[in-house]
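Structure data (compact mmCIF, C-alpha atoms (C1' of nucleotides)) from structure-v1.txt:
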# COMPACT_ATOMS: atom_id res chain seq x y z
CA MET K 1441 20.23 7.50 -0.81
CA ARG K 1442 19.87 8.22 2.89
CA ALA K 1443 18.05 11.44 2.12
CA ALA K 1444 15.70 9.67 -0.26
CA LEU K 1445 15.00 6.98 2.32
CA GLN K 1446 14.09 9.52 4.95
CA LEU K 1447 11.96 11.69 2.70
CA VAL K 1448 9.95 8.78 1.34
CA ALA K 1449 9.45 7.33 4.80
CA ASP K 1450 8.33 10.67 6.20
CA ASP K 1451 6.27 12.23 3.42
CA GLY K 1452 5.65 9.54 0.83
CA LEU K 1453 6.89 8.97 -2.66
CA ALA K 1454 4.79 11.65 -4.30
CA ALA K 1455 6.24 14.35 -2.06
CA THR K 1456 9.80 13.15 -2.59
CA THR K 1457 11.06 15.35 -5.41
CA THR K 1458 14.60 15.39 -6.73
CA ALA K 1459 14.80 18.97 -5.49
CA ARG K 1460 14.10 17.94 -1.89
CA ILE K 1461 16.42 14.96 -2.05
CA ALA K 1462 19.24 17.19 -3.25
CA GLU K 1463 18.46 19.80 -0.62
CA MET K 1464 18.49 17.28 2.21
CA ALA K 1465 21.63 15.60 0.91
CA GLU K 1466 23.20 19.05 0.60
CA VAL K 1467 24.17 18.65 -3.03
CA ALA K 1468 22.82 20.30 -6.16
CA GLU K 1469 19.96 18.70 -8.00
CA GLY K 1470 22.07 17.97 -11.06
CA THR K 1471 24.55 16.03 -8.99
CA ILE K 1472 22.03 13.27 -8.41
CA TYR K 1473 22.20 12.43 -12.11
CA ARG K 1474 25.94 11.80 -11.92
CA HIS K 1475 25.19 8.78 -9.76
CA PHE K 1476 21.82 7.66 -11.02
CA SER K 1477 20.50 8.11 -14.52
CA THR K 1478 16.98 8.44 -13.24
CA LYS K 1479 15.04 9.15 -10.08
CA ASP K 1480 13.42 5.72 -10.20
CA GLU K 1481 16.83 4.12 -10.40
CA LEU K 1482 17.83 5.85 -7.20
CA LEU K 1483 14.72 4.65 -5.40
CA ILE K 1484 15.24 1.11 -6.63
CA ALA K 1485 18.81 1.20 -5.34
CA VAL K 1486 17.57 2.24 -1.91
CA TYR K 1487 14.97 -0.53 -1.93
CA ARG K 1488 17.48 -3.19 -2.91
CA GLN K 1489 19.95 -2.15 -0.27
CA ILE K 1490 17.33 -2.38 2.44
CA LYS K 1491 16.25 -5.83 1.29
CA ARG K 1492 19.86 -7.00 1.14
CA ASP K 1493 20.65 -5.74 4.64
CA VAL K 1494 17.58 -7.26 6.21
CA PHE K 1495 18.10 -10.58 4.50
CA GLU K 1496 21.68 -10.70 5.74
CA GLN K 1497 20.65 -10.10 9.33
CA VAL K 1498 17.79 -12.58 9.12
CA THR K 1499 19.85 -15.43 7.73
CA ASP K 1500 22.65 -14.88 10.22
CA ALA K 1501 22.64 -17.86 12.61
CA TYR K 1502 19.59 -19.32 10.89
CA GLU K 1503 19.33 -23.09 11.22
CA PRO K 1504 17.46 -24.52 8.22
CA ALA K 1505 17.51 -27.93 9.90
CA ALA K 1506 15.82 -26.86 13.12
CA ASN K 1507 12.18 -27.67 13.81
CA ILE K 1508 9.35 -25.73 12.24
CA THR K 1509 8.45 -23.63 15.23
CA GLU K 1510 12.02 -22.61 15.96
CA ARG K 1511 12.59 -21.63 12.38
CA PHE K 1512 9.44 -19.54 12.25
CA VAL K 1513 10.32 -17.76 15.45
CA HIS K 1514 13.86 -17.07 14.29
CA LEU K 1515 12.81 -15.64 10.95
CA TRP K 1516 9.99 -13.58 12.34
CA HIS K 1517 11.92 -12.22 15.28
CA GLN K 1518 15.01 -11.35 13.28
CA THR K 1519 12.94 -9.63 10.61
CA PHE K 1520 11.19 -7.70 13.32
CA LEU K 1521 14.47 -6.66 14.96
CA ALA K 1522 16.09 -5.74 11.65
CA TYR K 1523 13.31 -3.31 10.79
CA ARG K 1524 12.90 -2.12 14.34
CA ALA K 1525 16.52 -0.98 14.30
CA ASP K 1526 15.49 1.47 11.58
CA PRO K 1527 11.73 1.70 11.13
CA GLN K 1528 12.11 4.14 8.24
CA LYS K 1529 13.33 1.20 6.21
CA LEU K 1530 10.08 -0.65 6.75
CA ILE K 1531 8.01 2.39 5.85
CA PHE K 1532 10.08 2.89 2.73
CA VAL K 1533 9.67 -0.72 1.64
CA GLN K 1534 5.93 -0.50 2.25
CA LYS K 1535 5.49 2.67 0.26
CA PHE K 1536 7.76 1.42 -2.49
CA SER K 1537 5.91 -1.88 -2.78
CA GLU K 1538 2.62 -0.08 -3.26
CA THR K 1539 3.74 1.76 -6.37
CA GLU K 1540 4.29 0.62 -9.91
CA LEU K 1541 8.02 0.77 -9.19
CA VAL K 1542 7.98 -2.79 -7.86
CA ARG K 1543 7.06 -3.94 -11.31
CA THR K 1544 10.02 -2.14 -12.88
CA GLU K 1545 12.24 -3.44 -10.09
CA GLY K 1546 11.21 -6.93 -11.05
CA GLY K 1547 10.89 -8.45 -7.59
CA LEU K 1548 14.50 -9.56 -7.60
CA ALA K 1549 15.30 -7.96 -4.26
CA HIS K 1550 12.43 -9.67 -2.50
CA LYS K 1551 13.15 -13.12 -3.85
CA PRO K 1552 15.69 -14.50 -1.36
CA MET K 1553 13.49 -13.73 1.62
CA ALA K 1554 10.42 -15.06 -0.16
CA GLU K 1555 12.24 -18.31 -0.84
CA LEU K 1556 13.25 -18.66 2.78
CA LEU K 1557 9.65 -18.25 3.90
CA GLY K 1558 8.46 -20.49 1.10
CA ALA K 1559 10.79 -23.31 2.13
CA LEU K 1560 9.69 -23.08 5.75
CA HIS K 1561 6.05 -23.03 4.76
CA ARG K 1562 6.47 -26.07 2.51
CA ASP K 1563 8.20 -28.00 5.26
CA GLY K 1564 5.46 -27.07 7.69
CA ILE K 1565 2.75 -28.26 5.33
CA HIS K 1566 4.65 -31.49 4.81
CA ALA K 1567 4.84 -31.96 8.59
CA GLY K 1568 1.09 -31.42 8.81
CA GLN K 1569 1.50 -28.27 10.87
CA PHE K 1570 0.68 -25.52 8.40
CA LYS K 1571 -2.34 -24.70 6.29
CA SER K 1572 -1.91 -24.65 2.57
CA LEU K 1573 -2.05 -20.97 1.71
CA PRO K 1574 -1.18 -18.96 -1.40
CA ILE K 1575 2.31 -17.58 -1.18
CA ASP K 1576 1.42 -13.90 -1.10
CA LEU K 1577 -1.13 -14.45 1.65
CA MET K 1578 1.46 -16.38 3.62
CA THR K 1579 4.00 -13.56 3.38
CA GLY K 1580 1.31 -10.95 3.99
CA LEU K 1581 0.30 -12.62 7.24
CA PHE K 1582 3.95 -12.91 8.22
CA TYR K 1583 4.64 -9.20 7.84
CA ALA K 1584 1.30 -7.83 9.07
CA PRO K 1585 2.19 -7.83 12.80
CA ILE K 1586 5.65 -6.41 12.14
CA ILE K 1587 4.20 -3.51 10.20
CA SER K 1588 1.51 -2.90 12.76
CA ILE K 1589 3.84 -2.85 15.76
CA LEU K 1590 6.53 -0.71 14.19
CA ARG K 1591 3.96 1.76 12.88
CA ALA K 1592 2.57 2.09 16.38
CA GLU K 1593 6.04 2.54 17.87
CA GLN K 1594 6.72 5.34 15.38
CA SER K 1595 4.24 7.55 17.18
CA GLY K 1596 4.21 6.08 20.65
CA PRO K 1597 6.08 4.19 23.35
CA PRO K 1598 7.95 0.93 22.63
CA CYS K 1599 5.69 -2.08 22.50
CA PRO K 1600 6.06 -4.40 25.52
CA ASP K 1601 7.47 -7.87 24.86
CA THR K 1602 4.26 -9.63 25.78
CA GLN K 1603 2.40 -7.79 23.03
CA ILE K 1604 5.13 -8.56 20.55
CA LYS K 1605 4.83 -12.23 21.41
CA THR K 1606 1.07 -12.11 20.98
CA ALA K 1607 1.46 -10.42 17.62
CA MET K 1608 3.93 -13.05 16.47
CA ALA K 1609 1.56 -15.75 17.70
CA ALA K 1610 -1.16 -14.21 15.53
CA ALA K 1611 1.01 -14.67 12.45
CA PHE K 1612 2.01 -18.16 13.51
CA ASP K 1613 -1.57 -19.23 14.24
CA ALA K 1614 -2.66 -17.88 10.87
CA TRP K 1615 -0.17 -20.27 9.26
CA ARG K 1616 -0.82 -23.18 11.62
CA ILE K 1617 -3.57 -25.73 11.52
CA CYS K 1618 -5.31 -24.81 14.75
CA PRO K 1619 -7.64 -27.21 16.53
CA PRO K 1620 -11.12 -25.68 16.90
CA ILE K 1621 -12.25 -24.74 20.41
CA GLN K 1622 -15.81 -25.97 20.71
CA GLU K 1623 -17.97 -26.40 17.67
CA THR K 1624 -16.66 -27.33 14.26
CA GLN K 1625 -19.07 -24.68 13.04
CA ILE K 1626 -16.41 -22.47 11.55
CA MET K 1627 -16.21 -24.39 8.33
CA GLU K 1628 -19.90 -25.07 7.85
CA LYS K 1629 -21.38 -21.67 8.52
CA ASN K 1630 -20.05 -19.79 5.53
CA ASP K 1631 -22.48 -21.38 3.14
CA ALA K 1632 -25.30 -19.50 4.81
CA ASN K 1633 -26.00 -16.57 2.54
CA MET U 1426 -16.51 8.40 -11.02
CA ARG U 1427 -16.74 5.02 -12.72
CA ALA U 1428 -13.95 6.00 -15.09
CA ALA U 1429 -11.76 7.13 -12.19
CA LEU U 1430 -12.42 3.88 -10.34
CA GLN U 1431 -11.39 1.79 -13.29
CA LEU U 1432 -8.29 3.82 -14.15
CA VAL U 1433 -6.98 3.82 -10.60
CA ALA U 1434 -7.65 0.11 -10.22
CA ASP U 1435 -5.91 -0.69 -13.49
CA ASP U 1436 -2.97 1.70 -13.62
CA GLY U 1437 -2.63 3.26 -10.19
CA LEU U 1438 -3.25 6.72 -8.85
CA ALA U 1439 -0.15 8.28 -10.37
CA ALA U 1440 -1.20 7.26 -13.88
CA THR U 1441 -4.75 8.47 -13.39
CA THR U 1442 -4.76 11.97 -14.83
CA THR U 1443 -7.76 14.19 -15.26
CA ALA U 1444 -7.17 13.96 -19.00
CA ARG U 1445 -7.53 10.17 -18.99
CA ILE U 1446 -10.54 10.24 -16.69
CA ALA U 1447 -12.29 12.67 -19.02
CA GLU U 1448 -11.34 10.64 -22.05
CA MET U 1449 -12.68 7.41 -20.61
CA ALA U 1450 -15.83 9.09 -19.34
CA GLU U 1451 -16.24 10.64 -22.79
CA VAL U 1452 -16.52 14.18 -21.54
CA ALA U 1453 -14.14 17.11 -21.80
CA GLU U 1454 -11.55 17.64 -19.13
CA GLY U 1455 -13.09 20.90 -18.00
CA THR U 1456 -16.41 19.20 -17.36
CA ILE U 1457 -14.96 17.32 -14.41
CA TYR U 1458 -14.60 20.60 -12.58
CA ARG U 1459 -18.30 21.33 -12.86
CA HIS U 1460 -18.94 18.40 -10.55
CA PHE U 1461 -15.84 18.36 -8.38
CA SER U 1462 -13.79 21.34 -7.44
CA THR U 1463 -10.65 19.25 -7.36
CA LYS U 1464 -9.29 15.94 -8.55
CA ASP U 1465 -8.75 14.78 -4.98
CA GLU U 1466 -12.36 15.53 -4.18
CA LEU U 1467 -13.45 13.25 -7.00
CA LEU U 1468 -11.25 10.42 -5.76
CA ILE U 1469 -12.50 10.85 -2.21
CA ALA U 1470 -16.09 10.70 -3.48
CA VAL U 1471 -15.32 7.39 -5.23
CA TYR U 1472 -13.69 6.01 -2.09
CA ARG U 1473 -16.60 6.99 0.14
CA GLN U 1474 -19.15 5.48 -2.18
CA ILE U 1475 -17.34 2.17 -2.24
CA LYS U 1476 -17.10 2.08 1.54
CA ARG U 1477 -20.77 2.97 1.88
CA ASP U 1478 -21.88 0.26 -0.54
CA VAL U 1479 -19.77 -2.45 1.05
CA PHE U 1480 -20.85 -1.51 4.55
CA GLU U 1481 -24.48 -1.68 3.50
CA GLN U 1482 -24.10 -5.15 2.04
CA VAL U 1483 -22.10 -6.39 5.02
CA THR U 1484 -24.55 -5.19 7.64
CA ASP U 1485 -27.53 -6.58 5.75
CA ALA U 1486 -28.89 -9.52 7.75
CA TYR U 1487 -26.10 -9.17 10.30
CA GLU U 1488 -27.03 -10.46 13.75
CA PRO U 1489 -25.06 -8.58 16.41
CA ALA U 1490 -26.47 -10.95 19.02
CA ALA U 1491 -25.23 -14.15 17.37
CA ASN U 1492 -22.23 -16.03 18.70
CA ILE U 1493 -18.70 -14.92 18.03
CA THR U 1494 -17.88 -17.44 15.35
CA GLU U 1495 -21.06 -16.82 13.41
CA ARG U 1496 -20.55 -13.09 13.49
CA PHE U 1497 -16.98 -13.38 12.27
CA VAL U 1498 -17.97 -15.67 9.44
CA HIS U 1499 -20.82 -13.40 8.42
CA LEU U 1500 -18.72 -10.24 8.36
CA TRP U 1501 -15.78 -11.84 6.62
CA HIS U 1502 -17.81 -13.67 4.03
CA GLN U 1503 -20.03 -10.71 3.19
CA THR U 1504 -17.03 -8.43 2.88
CA PHE U 1505 -15.43 -10.97 0.62
CA LEU U 1506 -18.53 -11.28 -1.56
CA ALA U 1507 -19.05 -7.53 -1.73
CA TYR U 1508 -15.60 -6.93 -3.11
CA ARG U 1509 -15.62 -10.04 -5.23
CA ALA U 1510 -18.66 -8.70 -7.06
CA ASP U 1511 -16.42 -5.87 -8.24
CA PRO U 1512 -12.74 -6.48 -7.49
CA GLN U 1513 -11.79 -3.09 -8.92
CA LYS U 1514 -13.35 -1.59 -5.84
CA LEU U 1515 -10.96 -3.46 -3.59
CA ILE U 1516 -7.95 -2.46 -5.66
CA PHE U 1517 -9.10 1.14 -5.61
CA VAL U 1518 -9.53 1.16 -1.85
CA GLN U 1519 -6.10 -0.42 -1.43
CA LYS U 1520 -4.36 2.09 -3.65
CA PHE U 1521 -6.26 4.97 -2.14
CA SER U 1522 -5.42 3.92 1.42
CA GLU U 1523 -1.75 3.88 0.60
CA THR U 1524 -1.61 7.52 -0.38
CA GLU U 1525 -1.73 10.70 1.66
CA LEU U 1526 -5.31 11.12 0.48
CA VAL U 1527 -6.59 8.99 3.34
CA ARG U 1528 -5.36 11.66 5.70
CA THR U 1529 -7.27 14.38 3.88
CA GLU U 1530 -10.32 12.13 3.72
CA GLY U 1531 -10.15 11.86 7.46
CA GLY U 1532 -10.97 8.20 7.89
CA LEU U 1533 -14.67 8.93 8.12
CA ALA U 1534 -15.64 6.45 5.45
CA HIS U 1535 -13.81 3.58 7.09
CA LYS U 1536 -15.20 4.19 10.57
CA PRO U 1537 -18.50 2.26 10.51
CA MET U 1538 -16.83 -0.95 9.34
CA ALA U 1539 -13.97 -0.49 11.80
CA GLU U 1540 -16.46 -0.14 14.63
CA LEU U 1541 -18.27 -3.29 13.60
CA LEU U 1542 -15.04 -5.26 13.65
CA GLY U 1543 -13.96 -3.57 16.86
CA ALA U 1544 -17.17 -4.54 18.63
CA LEU U 1545 -16.86 -8.15 17.54
CA HIS U 1546 -13.23 -8.27 18.58
CA ARG U 1547 -14.03 -6.82 22.00
CA ASP U 1548 -16.79 -9.34 22.55
CA GLY U 1549 -14.47 -12.15 21.53
CA ILE U 1550 -11.80 -11.03 23.95
CA HIS U 1551 -14.41 -10.80 26.69
CA ALA U 1552 -15.50 -14.35 25.90
CA GLY U 1553 -11.90 -15.52 26.15
CA GLN U 1554 -11.81 -16.54 22.51
CA PHE U 1555 -9.73 -13.80 20.91
CA LYS U 1556 -6.22 -12.54 21.44
CA SER U 1557 -5.80 -8.94 22.49
CA LEU U 1558 -4.42 -7.29 19.37
CA PRO U 1559 -3.98 -3.67 18.30
CA ILE U 1560 -6.90 -2.52 16.20
CA ASP U 1561 -5.00 -1.94 12.97
CA LEU U 1562 -3.38 -5.37 13.16
CA MET U 1563 -6.76 -6.91 13.78
CA THR U 1564 -8.26 -5.25 10.70
CA GLY U 1565 -5.13 -5.96 8.69
CA LEU U 1566 -5.37 -9.67 9.41
CA PHE U 1567 -9.08 -9.60 8.59
CA TYR U 1568 -8.56 -8.12 5.13
CA ALA U 1569 -5.31 -9.91 4.20
CA PRO U 1570 -6.94 -13.10 2.85
CA ILE U 1571 -9.63 -11.14 0.99
CA ILE U 1572 -7.02 -9.04 -0.77
CA SER U 1573 -4.88 -12.05 -1.55
CA ILE U 1574 -7.66 -14.14 -3.06
CA LEU U 1575 -9.23 -11.38 -5.12
CA ARG U 1576 -5.83 -10.29 -6.43
CA ALA U 1577 -5.20 -13.87 -7.54
CA GLU U 1578 -8.61 -14.13 -9.17
CA GLN U 1579 -7.91 -10.95 -11.13
CA SER U 1580 -5.33 -12.78 -13.19
CA GLY U 1581 -6.46 -16.35 -12.92
CA PRO U 1582 -9.32 -18.78 -12.42
CA PRO U 1583 -11.86 -18.38 -9.59
CA CYS U 1584 -10.60 -19.66 -6.27
CA PRO U 1585 -12.29 -22.91 -5.15
CA ASP U 1586 -14.46 -22.73 -2.05
CA THR U 1587 -12.17 -24.94 -0.02
CA GLN U 1588 -9.31 -22.49 -0.45
CA ILE U 1589 -11.56 -19.60 0.45
CA LYS U 1590 -12.52 -21.39 3.63
CA THR U 1591 -8.90 -22.04 4.48
CA ALA U 1592 -8.04 -18.40 3.90
CA MET U 1593 -10.87 -17.27 6.14
CA ALA U 1594 -9.71 -19.75 8.76
CA ALA U 1595 -6.26 -18.16 8.61
CA ALA U 1596 -7.74 -14.78 9.53
CA PHE U 1597 -9.92 -16.33 12.20
CA ASP U 1598 -7.06 -18.31 13.74
CA ALA U 1599 -4.93 -15.19 13.80
CA TRP U 1600 -7.59 -13.55 15.97
CA ARG U 1601 -8.34 -16.67 18.04
CA ILE U 1602 -6.50 -17.97 21.04
CA CYS U 1603 -5.30 -21.24 19.55
CA PRO U 1604 -4.20 -24.16 21.71
CA PRO U 1605 -0.60 -25.16 20.92
CA ILE U 1606 -0.06 -28.48 19.19
CA GLN U 1607 2.80 -30.15 21.00
CA GLU U 1608 5.38 -28.08 22.80
CA THR U 1609 4.57 -24.77 24.46
CA GLN U 1610 7.84 -23.69 22.90
CA ILE U 1611 6.32 -21.00 20.72
CA MET U 1612 6.28 -18.44 23.45
CA GLU U 1613 9.62 -19.20 25.08
CA LYS U 1614 11.83 -19.51 22.06
CA ASN U 1615 11.80 -15.91 20.90
CA ASP U 1616 14.19 -14.82 23.65
CA ALA U 1617 16.94 -16.80 21.98
CA ASN U 1618 18.99 -14.31 20.04
C1' DG E 1448 -23.98 21.53 -18.38
C1' DT E 1449 -20.57 20.81 -21.71
C1' DC E 1450 -17.29 22.36 -24.74
C1' DT E 1451 -12.37 24.54 -26.51
C1' DA E 1452 -8.54 26.88 -25.38
C1' DT E 1453 -5.27 28.35 -22.27
C1' DA E 1454 -2.98 29.81 -17.98
C1' DT E 1455 0.13 28.12 -14.53
C1' DT E 1456 2.86 25.43 -11.92
C1' DG E 1457 6.17 22.19 -10.70
C1' DG E 1458 8.58 18.26 -11.65
C1' DG E 1459 12.42 15.41 -14.06
C1' DA E 1460 16.27 15.78 -16.69
C1' DT E 1461 20.19 18.12 -19.46
C1' DA E 1462 24.03 21.49 -20.93
C1' DG E 1463 28.04 23.18 -20.13
C1' DA E 1464 31.15 25.96 -17.03
C1' DC E 1465 34.32 25.17 -13.30
C1' DG Q 986 32.49 15.30 -9.62
C1' DT Q 987 29.83 19.27 -8.48
C1' DC Q 988 27.77 23.43 -9.62
C1' DT Q 989 24.15 26.92 -12.04
C1' DA Q 990 20.95 27.67 -15.32
C1' DT Q 991 17.61 26.10 -18.15
C1' DC Q 992 14.75 23.17 -21.08
C1' DC Q 993 10.72 20.51 -21.65
C1' DC Q 994 6.77 18.46 -20.63
C1' DA Q 995 2.79 16.88 -18.35
C1' DA Q 996 -0.75 17.76 -15.24
C1' DT Q 997 -4.19 20.56 -12.67
C1' DA Q 998 -7.19 24.01 -12.99
C1' DT Q 999 -9.59 28.17 -15.15
C1' DA Q 1000 -11.95 31.33 -18.62
C1' DG Q 1001 -15.40 32.11 -21.32
C1' DA Q 1002 -18.15 30.77 -25.52
C1' DC Q 1003 -22.14 27.95 -26.74
How does this structure look as structure tokens?
Amino acid sequence: MRAALQLVADDGLAATTTARIAEMAEVAEGTIYRHFSTKDELLIAVYRQIKRDVFEQVTDAYEPAANITERFVHLWHQTFLAYRADPQKLIFVQKFSETELVRTEGGLAHKPMAELLGALHRDGIHAGQFKSLPIDLMTGLFYAPIISILRAEQSGPPCPDTQIKTAMAAAFDAWRICPPIQETQIMEKNDAN
Amino acid sequence: MRAALQLVADDGLAATTTARIAEMAEVAEGTIYRHFSTKDELLIAVYRQIKRDVFEQVTDAYEPAANITERFVHLWHQTFLAYRADPQKLIFVQKFSETELVRTEGGLAHKPMAELLGALHRDGIHAGQFKSLPIDLMTGLFYAPIISILRAEQSGPPCPDTQIKTAMAAAFDAWRICPPIQETQIMEKNDAN
DNA sequence: GTCTATATTGGGATAGAC
DNA sequence: GTCTATCCCAATATAGAC
């Protein structure tokens, strides 16, 4: 499983053959099929383990009764730290999610985290602080800065804290109902053309 | 090319074999190789055409001298409409971007649009209206609502204009420097834990 | 320019010894 | 529980007639 994780993260799912997994794990190819009846099953197992681990870290010390802002910051920051501790996990999840394998997986692994975000989002809407957004857009905006930062750190220096805060603020502002600066033009203009 | 577009959009790149492309295009498999020396070359040609078409529509009637808000709304809305006219194009671009093929393509097709967004973002930062964000995060936040809405419309009713406006506002607010509502807590809290 | 037929490769999965 | 050897198939690409 560790070999599969690394290979997928580094070279993508297409390039991750059972031969290479076995080679990197230093076992014979046939051995894989003693533990998993299929290659897809192995990949799904890796995916689920990652999701489980991250969820555990994120919910640790989480206060569902705290105020909206605190909850958002906790969830975002913990998710960020969890993946930052092993960026290959994020890459794997990304690549995995983009294939048809997610459909066969069924979305079970993602559900707990999605519900956590969903509950926060609902509460924020109720409190008049958040926009009403479709659930996948909401989660997409949540993860976008995490993906961006950790991708950049893969091939460069660690991102300074100020930039991390700005990136988190981008996600938060996307969710929030933000007062306009000057004109209220933003909403009117998009009828033109 | 049309057959390839549709197959990739519907079933993904892995399921798009030369045999199925030929079948759908109602030509023999060998015929493909009279026009493209390789399957990848065909897919890259499809990708580049989509990017060219969308860029053309987006830049039509674009006023680079207009104010920041107007420019953002124009670019976002035109991009949205361009892909909405043929959502398969968006799905194709998404799937294509997630593979190693983007690397072989070289990113040439995406460049013009990226520069347009980059210029707007720079101007907005200069005007004190936009956050300073890494370029890929900036583009990611720009496209996130478009992808989300068009994905939803693929398997459901058309999205009402009010929701489209809210989604666009989410992208815009993510870019914008938004005044905090009550506490200035957002920035301090994320040191906790 | 398009066809039919085929060469070739490389991947997932299995059989059966140890 | 791990190995070696091998099967089987599907997919890309080519050859050469029409």
Near-stretch 989-1001 of chain Q list (12 Å; only C-alpha atoms (C1' of nucleotides); drop same-chain fewer than 3 positions) as a PDB file with C-alpha atoms (C1' of nucleotides), in the frame of the given file:
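Wrote it out as selection_17.pdb, contents follow:
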ATOM      1  CA  ALA K1468      22.820  20.300  -6.160  1.00  0.00           C
ATOM      2  CA  GLU K1469      19.960  18.700  -8.000  1.00  0.00           C
ATOM      3  CA  GLY K1470      22.070  17.970 -11.060  1.00  0.00           C
ATOM      4  CA  THR K1471      24.550  16.030  -8.990  1.00  0.00           C
TER       5      THR K1471
ATOM      6  CA  ALA U1439      -0.150   8.280 -10.370  1.00  0.00           C
ATOM      7  CA  ALA U1440      -1.200   7.260 -13.880  1.00  0.00           C
ATOM      8  CA  THR U1441      -4.750   8.470 -13.390  1.00  0.00           C
ATOM      9  CA  THR U1442      -4.760  11.970 -14.830  1.00  0.00           C
ATOM     10  CA  THR U1443      -7.760  14.190 -15.260  1.00  0.00           C
ATOM     11  CA  ALA U1444      -7.170  13.960 -19.000  1.00  0.00           C
ATOM     12  CA  ARG U1445      -7.530  10.170 -18.990  1.00  0.00           C
ATOM     13  CA  GLU U1454     -11.550  17.640 -19.130  1.00  0.00           C
ATOM     14  CA  GLY U1455     -13.090  20.900 -18.000  1.00  0.00           C
ATOM     15  CA  THR U1456     -16.410  19.200 -17.360  1.00  0.00           C
ATOM     16  CA  ILE U1457     -14.960  17.320 -14.410  1.00  0.00           C
ATOM     17  CA  TYR U1458     -14.600  20.600 -12.580  1.00  0.00           C
ATOM     18  CA  ARG U1459     -18.300  21.330 -12.860  1.00  0.00           C
ATOM     19  CA  PHE U1461     -15.840  18.360  -8.380  1.00  0.00           C
ATOM     20  CA  SER U1462     -13.790  21.340  -7.440  1.00  0.00           C
ATOM     21  CA  THR U1463     -10.650  19.250  -7.360  1.00  0.00           C
ATOM     22  CA  LYS U1464      -9.290  15.940  -8.550  1.00  0.00           C
ATOM     23  CA  ASP U1465      -8.750  14.780  -4.980  1.00  0.00           C
TER      24      ASP U1465
ATOM     25  C1'  DC E1450     -17.290  22.360 -24.740  1.00  0.00           C
ATOM     26  C1'  DT E1451     -12.370  24.540 -26.510  1.00  0.00           C
ATOM     27  C1'  DA E1452      -8.540  26.880 -25.380  1.00  0.00           C
ATOM     28  C1'  DT E1453      -5.270  28.350 -22.270  1.00  0.00           C
ATOM     29  C1'  DA E1454      -2.980  29.810 -17.980  1.00  0.00           C
ATOM     30  C1'  DT E1455       0.130  28.120 -14.530  1.00  0.00           C
ATOM     31  C1'  DT E1456       2.860  25.430 -11.920  1.00  0.00           C
ATOM     32  C1'  DG E1457       6.170  22.190 -10.700  1.00  0.00           C
ATOM     33  C1'  DG E1458       8.580  18.260 -11.650  1.00  0.00           C
ATOM     34  C1'  DG E1459      12.420  15.410 -14.060  1.00  0.00           C
ATOM     35  C1'  DA E1460      16.270  15.780 -16.690  1.00  0.00           C
ATOM     36  C1'  DT E1461      20.190  18.120 -19.460  1.00  0.00           C
ATOM     37  C1'  DA E1462      24.030  21.490 -20.930  1.00  0.00           C
ATOM     38  C1'  DG E1463      28.040  23.180 -20.130  1.00  0.00           C
ATOM     39  C1'  DA E1464      31.150  25.960 -17.030  1.00  0.00           C
ATOM     40  C1'  DC E1465      34.320  25.170 -13.300  1.00  0.00           C
TER      41       DC E1465
END
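One finds atom CA of U:His1535 at 18.5 Å from atom CA of U:Arg1509.
Within the 10 Å cut-off around K:Ala1522, using all atoms listed in the file and omitting residues fewer than 6 positions from it on the same chain, the listed residues are Ile1490, Asp1493, Val1494, Phe1495, Glu1496, Gln1497, Val1498, Trp1516, Lys1529 and Leu1530 of chain K.
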Proximity of chain U to chain K: per-residue shortest pair, 7 Å limit, only C-alpha atoms, as JSON lines:
{"residue": "U:Thr1494", "atom": "CA", "partner": "K:Ile1626", "partner_atom": "CA", "distance": 6.5}
{"residue": "U:Glu1495", "atom": "CA", "partner": "K:Lys1629", "partner_atom": "CA", "distance": 6.9}
{"residue": "U:Val1498", "atom": "CA", "partner": "K:Asn1630", "partner_atom": "CA", "distance": 6.0}
{"residue": "U:His1502", "atom": "CA", "partner": "K:Asn1630", "partner_atom": "CA", "distance": 6.7}
{"residue": "U:Leu1558", "atom": "CA", "partner": "K:Ala1607", "partner_atom": "CA", "distance": 6.9}
{"residue": "U:Asp1561", "atom": "CA", "partner": "K:Ser1588", "partner_atom": "CA", "distance": 6.6}
{"residue": "U:Leu1562", "atom": "CA", "partner": "K:Ser1588", "partner_atom": "CA", "distance": 5.5}
{"residue": "U:Gly1565", "atom": "CA", "partner": "K:Ala1584", "partner_atom": "CA", "distance": 6.7}
{"residue": "U:Leu1566", "atom": "CA", "partner": "K:Leu1581", "partner_atom": "CA", "distance": 6.7}
{"residue": "U:Ala1569", "atom": "CA", "partner": "K:Leu1577", "partner_atom": "CA", "distance": 6.7}
{"residue": "U:Pro1570", "atom": "CA", "partner": "K:Leu1577", "partner_atom": "CA", "distance": 6.1}
{"residue": "U:Ser1573", "atom": "CA", "partner": "K:Leu1577", "partner_atom": "CA", "distance": 5.5}
{"residue": "U:Lys1590", "atom": "CA", "partner": "K:Met1627", "partner_atom": "CA", "distance": 6.7}
{"residue": "U:Ala1592", "atom": "CA", "partner": "K:Leu1573", "partner_atom": "CA", "distance": 6.9}
{"residue": "U:Ala1595", "atom": "CA", "partner": "K:Ala1614", "partner_atom": "CA", "distance": 4.3}
{"residue": "U:Ala1596", "atom": "CA", "partner": "K:Ala1614", "partner_atom": "CA", "distance": 6.1}
{"residue": "U:Asp1598", "atom": "CA", "partner": "K:Ala1614", "partner_atom": "CA", "distance": 5.3}
{"residue": "U:Ala1599", "atom": "CA", "partner": "K:Ala1610", "partner_atom": "CA", "distance": 4.3}
{"residue": "U:Trp1600", "atom": "CA", "partner": "K:Ala1610", "partner_atom": "CA", "distance": 6.5}
{"residue": "U:Cys1603", "atom": "CA", "partner": "K:Cys1618", "partner_atom": "CA", "distance": 6.0}
{"residue": "U:Pro1604", "atom": "CA", "partner": "K:Pro1619", "partner_atom": "CA", "distance": 6.9}
{"residue": "U:Ile1611", "atom": "CA", "partner": "K:Thr1509", "partner_atom": "CA", "distance": 6.4}
{"residue": "U:Met1612", "atom": "CA", "partner": "K:Lys1605", "partner_atom": "CA", "distance": 6.7}
{"residue": "U:Lys1614", "atom": "CA", "partner": "K:Glu1510", "partner_atom": "CA", "distance": 6.8}
{"residue": "U:Asn1615", "atom": "CA", "partner": "K:Val1513", "partner_atom": "CA", "distance": 5.9}
